[in-house]
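Shown below: work_20.txt, with compact mmCIF, C-alpha atoms.
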```
# COMPACT_ATOMS: atom_id res chain seq x y z
CA MET A 297 -40.13 14.17 -10.57
CA SER A 298 -36.61 15.07 -10.01
CA ASN A 299 -33.12 14.74 -11.24
CA MET A 300 -31.95 11.96 -8.92
CA ASN A 301 -29.02 11.18 -11.18
CA THR A 302 -26.42 11.09 -8.41
CA ASP A 303 -28.50 8.85 -6.14
CA LEU A 304 -29.37 6.19 -8.71
CA PRO A 305 -27.53 2.97 -9.46
CA GLU A 306 -25.87 3.12 -12.89
CA VAL A 307 -28.30 0.50 -14.28
CA LYS A 308 -31.23 2.93 -13.78
CA LYS A 309 -29.59 6.02 -15.32
CA THR A 310 -30.65 7.28 -18.74
CA SER A 311 -29.22 9.59 -21.38
CA GLN A 312 -31.98 12.19 -20.85
CA GLY A 313 -31.66 12.08 -17.06
CA LEU A 314 -35.43 12.11 -16.49
CA TYR A 315 -36.57 10.07 -13.49
CA ILE A 316 -39.91 9.63 -11.79
CA THR A 317 -41.39 7.35 -9.13
CA SER A 318 -44.43 5.19 -9.78
CA ILE A 319 -46.69 7.45 -7.70
CA GLU A 320 -45.46 10.56 -9.54
CA ALA A 321 -45.93 8.80 -12.89
CA TYR A 322 -49.52 7.86 -12.07
CA GLU A 323 -50.28 11.44 -10.96
CA LYS A 324 -48.67 12.88 -14.12
CA TRP A 325 -50.72 10.50 -16.28
CA GLN A 326 -53.93 11.50 -14.46
CA GLU A 327 -53.20 15.18 -15.20
CA ASN A 328 -52.88 14.59 -18.96
CA PRO A 329 -53.71 11.06 -20.18
CA GLU A 330 -53.86 12.27 -23.79
CA SER A 331 -50.15 13.07 -24.04
CA VAL A 332 -48.58 10.98 -21.25
CA VAL A 333 -47.88 7.40 -22.28
CA ILE A 334 -46.85 4.75 -19.75
CA ILE A 335 -45.07 1.78 -21.29
CA ASP A 336 -44.51 -1.42 -19.32
CA VAL A 337 -41.47 -3.04 -20.97
CA ARG A 338 -41.47 -6.31 -18.99
CA THR A 339 -42.09 -9.76 -20.46
CA PRO A 340 -45.57 -11.18 -21.17
CA GLU A 341 -44.98 -13.70 -18.38
CA GLU A 342 -44.56 -10.83 -15.93
CA TYR A 343 -47.81 -9.19 -17.11
CA LEU A 344 -49.63 -12.48 -16.53
CA PHE A 345 -48.13 -13.58 -13.23
CA VAL A 346 -47.19 -10.31 -11.49
CA GLY A 347 -49.81 -7.95 -12.93
CA HIS A 348 -49.58 -4.63 -14.73
CA PRO A 349 -51.03 -1.11 -14.68
CA PRO A 350 -54.26 -1.18 -16.70
CA ILE A 351 -53.38 2.28 -18.09
CA ALA A 352 -50.00 1.13 -19.44
CA TRP A 353 -49.11 -0.14 -22.87
CA MET A 354 -47.38 -3.52 -22.59
CA ILE A 355 -44.48 -3.41 -25.03
CA PRO A 356 -41.60 -5.75 -24.11
CA VAL A 357 -38.09 -4.44 -24.76
CA ILE A 358 -36.23 -7.65 -23.90
CA ALA A 359 -37.17 -11.32 -24.23
CA GLN A 360 -36.09 -14.32 -22.21
CA VAL A 361 -33.89 -16.75 -24.12
CA TYR A 362 -34.54 -20.36 -23.15
CA THR A 363 -31.01 -21.61 -23.61
CA TRP A 364 -29.18 -22.07 -20.32
CA ASP A 365 -26.05 -19.90 -19.87
CA ASP A 366 -23.86 -22.19 -17.78
CA GLU A 367 -21.15 -19.57 -17.27
CA ASN A 368 -23.56 -17.02 -15.74
CA LYS A 369 -25.93 -19.66 -14.29
CA LYS A 370 -29.10 -18.18 -15.77
CA PHE A 371 -31.34 -17.93 -18.79
CA PRO A 372 -30.13 -14.81 -20.63
CA MET A 373 -32.23 -11.98 -22.00
CA THR A 374 -32.01 -10.56 -25.52
CA LEU A 375 -32.97 -7.12 -26.83
CA LEU A 376 -35.99 -7.07 -29.15
CA PRO A 377 -34.98 -5.17 -32.31
CA ASP A 378 -38.47 -3.85 -33.16
CA PHE A 379 -39.14 -2.20 -29.77
CA VAL A 380 -39.00 1.40 -31.05
CA ALA A 381 -41.18 0.52 -34.07
CA ARG A 382 -43.84 -0.92 -31.75
CA VAL A 383 -43.75 2.14 -29.48
CA SER A 384 -44.06 4.37 -32.56
CA GLN A 385 -47.45 2.75 -33.26
CA ILE A 386 -48.95 4.34 -30.13
CA ALA A 387 -46.76 7.36 -29.30
CA LYS A 388 -45.32 10.43 -31.00
CA PRO A 389 -41.82 11.88 -30.36
CA GLU A 390 -43.36 14.91 -28.63
CA ASP A 391 -45.42 12.82 -26.16
CA THR A 392 -44.25 12.39 -22.60
CA ILE A 393 -43.20 8.75 -22.34
CA MET A 394 -42.67 6.89 -19.07
CA THR A 395 -41.07 3.46 -19.16
CA MET A 396 -41.35 0.88 -16.40
CA CYS A 397 -40.09 -2.62 -15.70
CA ARG A 398 -39.73 -4.59 -12.47
CA SER A 399 -37.47 -2.09 -10.70
CA GLY A 400 -35.91 0.35 -13.18
CA GLY A 401 -33.13 -1.41 -15.12
CA ARG A 402 -34.84 -2.59 -18.30
CA SER A 403 -36.91 0.57 -18.37
CA ALA A 404 -33.67 2.59 -18.50
CA ILE A 405 -32.62 0.55 -21.55
CA ALA A 406 -36.01 1.27 -23.15
CA ALA A 407 -35.81 4.98 -22.30
CA ASN A 408 -32.38 5.21 -23.93
CA LEU A 409 -33.57 3.42 -27.08
CA LEU A 410 -36.50 5.82 -27.39
CA ALA A 411 -34.30 8.88 -26.78
CA GLN A 412 -31.90 7.67 -29.49
CA ALA A 413 -34.90 7.35 -31.84
CA GLY A 414 -35.91 11.00 -31.29
CA PHE A 415 -38.45 10.80 -28.48
CA LYS A 416 -37.89 14.07 -26.64
CA THR A 417 -39.21 13.43 -23.10
CA VAL A 418 -38.69 9.91 -21.78
CA TYR A 419 -38.82 9.26 -18.04
CA ASN A 420 -37.60 6.12 -16.31
CA ILE A 421 -40.03 5.01 -13.59
CA ILE A 422 -37.22 4.17 -11.20
CA ASP A 423 -39.12 1.96 -8.76
CA GLY A 424 -40.96 0.00 -11.47
CA MET A 425 -43.85 -2.39 -10.95
CA GLU A 426 -42.50 -4.28 -7.95
CA GLY A 427 -40.06 -1.83 -6.42
CA ASP A 428 -36.47 -2.06 -5.34
CA VAL A 429 -35.37 -5.37 -3.92
CA ASN A 430 -34.24 -5.77 -0.36
CA GLY A 431 -30.51 -6.18 -0.88
CA ASP A 432 -29.84 -7.45 2.64
CA SER A 433 -28.22 -10.81 1.95
CA GLU A 434 -28.52 -11.67 5.66
CA SER A 435 -32.29 -11.23 5.61
CA VAL A 436 -34.68 -14.14 5.12
CA ALA A 437 -36.61 -11.77 2.83
CA ASN A 438 -33.60 -10.94 0.65
CA GLN A 439 -34.81 -10.09 -2.87
CA GLN A 440 -38.44 -10.20 -1.69
CA GLU A 441 -39.44 -7.16 0.38
CA GLN A 442 -40.05 -4.15 -1.81
CA PRO A 443 -40.49 -0.76 -0.14
CA ASN A 444 -41.80 1.01 -3.24
CA GLY A 445 -43.03 0.28 -6.77
CA TRP A 446 -46.36 0.57 -8.58
CA LYS A 447 -47.96 -2.43 -6.81
CA ASN A 448 -46.72 -1.51 -3.34
CA THR A 449 -47.69 2.17 -3.31
CA GLY A 450 -51.39 2.00 -4.13
CA CYS A 451 -51.34 2.69 -7.86
CA PRO A 452 -53.98 0.73 -9.82
CA TRP A 453 -52.91 -2.62 -11.21
CA THR A 454 -54.48 -5.83 -12.45
CA LYS A 455 -53.62 -9.35 -13.53
CA LYS A 456 -56.37 -9.25 -16.15
CA LEU A 457 -54.73 -8.83 -19.53
CA THR A 458 -55.82 -6.01 -21.79
CA PRO A 459 -54.93 -7.37 -25.25
CA GLU A 460 -55.77 -4.05 -26.93
CA ARG A 461 -52.84 -2.50 -24.99
CA LEU A 462 -50.38 -5.33 -25.73
CA LEU A 463 -47.87 -4.90 -28.57
CA LEU A 464 -45.68 -7.98 -28.85
CA PRO A 465 -42.75 -8.38 -31.24
CA SER A 466 -43.44 -9.89 -34.61
CA ILE A 467 -42.24 -13.45 -35.02
CA SER A 468 -40.25 -14.06 -38.16
```
Can the structure in the file be given as C-alpha cells, please?
Amino acid sequence: MSNMNTDLPEVKKTSQGLYITSIEAYEKWQENPESVVIIDVRTPEEYLFVGHPPIAWMIPVIAQVYTWDDENKKFPMTLLPDFVARVSQIAKPEDTIMTMCRSGGRSAIAANLLAQAGFKTVYNIIDGMEGDVNGDSESVANQQEQPNGWKNTGCPWTKKLTPERLLLPSIS
C-alpha cells in the first residue's frame, strides 16, 4: 500500500490517492475481513468468462451499451446511476473499501464515486483482476501478457458465480 500517485497513469488515479496492488489487497482483507470490503466493478460477462475473487462483492459500475459507435469503432460503456446505492447495501462509509476492475481504470471511477458519496477510505486495486496489458505494439502478445493482477499473482479466484455476492443494477 503506497502513494504511487506520480507513477500511475491518469486513468488509475483517484481523488483520495489510495492505491494498492491485488496481493496487498488480499493480505489486507485477510487481516480484517469484517471491515475490509473488496468490490469487483466489472461487468457480469467478465465475472462469468474471466473469473472473479470469491471474497469480492460483484457490483458493476459501468455497463456495455450494445449500440455500435462508428466514430470510435467500439461498443461504448455507460455509467450505472445506482452504483453507490448498491454498494451502500453491503458497506458503511467507515469501512475500508477496495475497488477492482480489469486493470485499474473503471475501479478508479468507482473509487471516486464512493469518495464523493462519503466513503472515507477507498483504495483502487491498481493491477485489477487481469493485470496491466503488455503495451508493446510490436509484440505478438500485445494486449495479452499481464505481469500482475489478481489472477496472475496467486490470489484466489473462481469462475463459479456466487449469486449471494452479486448486486446488479435494477432494470426499470
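Counting from CA of Phe345 in chain A, the distance to CA of Thr374 in chain A is 20.5 Å.
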Please measure the separation of CA of Ile351 in chain A and CA of Asn408 in chain A, giving the value in Å to one decimal.
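The value is 22.0 Å.
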One decimal, in Å: what's the spacing between CA of Arg461 in chain A and CA of Asp336 in chain A?
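Pair CA of Arg461 in chain A / CA of Asp336 in chain A returns 10.1 Å.
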Counting all atoms listed in the file, which residues in range 315-387 of chain A sit no more than 12 Å from range 418-429 of chain A? For each one, give the nearest pair of atoms and the distance in Å, sorted by chain then residue number, as JSON lines.
```
{"residue": "A:Tyr315", "atom": "CA", "partner": "A:Asn420", "partner_atom": "CA", "distance": 5.0}
{"residue": "A:Ile316", "atom": "CA", "partner": "A:Ile421", "partner_atom": "CA", "distance": 5.0}
{"residue": "A:Thr317", "atom": "CA", "partner": "A:Ile421", "partner_atom": "CA", "distance": 5.2}
{"residue": "A:Ser318", "atom": "CA", "partner": "A:Ile421", "partner_atom": "CA", "distance": 5.8}
{"residue": "A:Ile319", "atom": "CA", "partner": "A:Ile421", "partner_atom": "CA", "distance": 9.2}
{"residue": "A:Glu320", "atom": "CA", "partner": "A:Ile421", "partner_atom": "CA", "distance": 8.8}
{"residue": "A:Ala321", "atom": "CA", "partner": "A:Ile421", "partner_atom": "CA", "distance": 7.0}
{"residue": "A:Tyr322", "atom": "CA", "partner": "A:Ile421", "partner_atom": "CA", "distance": 10.0}
{"residue": "A:Lys324", "atom": "CA", "partner": "A:Tyr419", "partner_atom": "CA", "distance": 11.2}
{"residue": "A:Val332", "atom": "CA", "partner": "A:Val418", "partner_atom": "CA", "distance": 10.0}
{"residue": "A:Val333", "atom": "CA", "partner": "A:Val418", "partner_atom": "CA", "distance": 9.5}
{"residue": "A:Ile334", "atom": "CA", "partner": "A:Ile421", "partner_atom": "CA", "distance": 9.2}
{"residue": "A:Ile335", "atom": "CA", "partner": "A:Ile421", "partner_atom": "CA", "distance": 9.8}
{"residue": "A:Asp336", "atom": "CA", "partner": "A:Met425", "partner_atom": "CA", "distance": 8.5}
{"residue": "A:Val337", "atom": "CA", "partner": "A:Gly424", "partner_atom": "CA", "distance": 10.0}
{"residue": "A:Arg338", "atom": "CA", "partner": "A:Met425", "partner_atom": "CA", "distance": 9.3}
{"residue": "A:Glu342", "atom": "CA", "partner": "A:Met425", "partner_atom": "CA", "distance": 9.8}
{"residue": "A:Tyr343", "atom": "CA", "partner": "A:Met425", "partner_atom": "CA", "distance": 10.0}
{"residue": "A:Val346", "atom": "CA", "partner": "A:Glu426", "partner_atom": "CA", "distance": 8.4}
{"residue": "A:Gly347", "atom": "CA", "partner": "A:Met425", "partner_atom": "CA", "distance": 8.4}
{"residue": "A:His348", "atom": "CA", "partner": "A:Met425", "partner_atom": "CA", "distance": 7.2}
{"residue": "A:Pro349", "atom": "CA", "partner": "A:Met425", "partner_atom": "CA", "distance": 8.2}
{"residue": "A:Pro350", "atom": "CA", "partner": "A:Met425", "partner_atom": "CA", "distance": 12.0}
{"residue": "A:Ala352", "atom": "CA", "partner": "A:Met425", "partner_atom": "CA", "distance": 11.1}
{"residue": "A:Ala387", "atom": "CA", "partner": "A:Val418", "partner_atom": "CA", "distance": 11.3}
```
Shell around Leu314 in chain A at 12 Å using all atoms listed in the file, local window under 5 positions removed, as JSON, numbers by chain:
{"A": [297, 298, 299, 300, 301, 304, 308, 309, 321, 392, 393, 394, 395, 403, 404, 407, 408, 411, 416, 417, 418, 419, 420, 421, 422]}
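Remark: for Leu462 in chain A, the closest of the candidate residues A:Thr449, A:Thr363, A:Gln412, A:Thr339 is A:Thr339 (distances computed over all atoms listed in the file).
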Box time for range 389-402 of chain A: axis-aligned, enclosing all its listed atoms, 3 Å extra on each side; report centre and edge lengths in Å to one decimal, as lines of an AutoDock Vina configuration file.
```
center_x = -39.3
center_y = 5.2
center_z = -20.5
size_x = 18.3
size_y = 25.5
size_z = 25.7
```
Using all atoms listed in the file, which of A:Ile386, A:Leu410, A:Val307, A:Leu464 sits nearest Glu330 in chain A?
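Closest to Glu330 in chain A, using all atoms listed in the file: A:Ile386.
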Residue nearest Ser466 in chain A among A:Pro305, A:Leu376, A:Lys370, A:Ser311 (counting all atoms listed in the file):
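Checking each candidate against Ser466 in chain A, we get A:Leu376 as the closest.
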Counting all atoms listed in the file, the option among A:Val357, A:Gln312, A:Asp378, A:Gln326 closest to Phe415 in chain A:
A:Gln312
Neighbours of Pro372 in chain A within 8 Å (all atoms listed in the file; same-chain residues fewer than 3 positions away dropped), as number ranges by chain?
A: 360-365
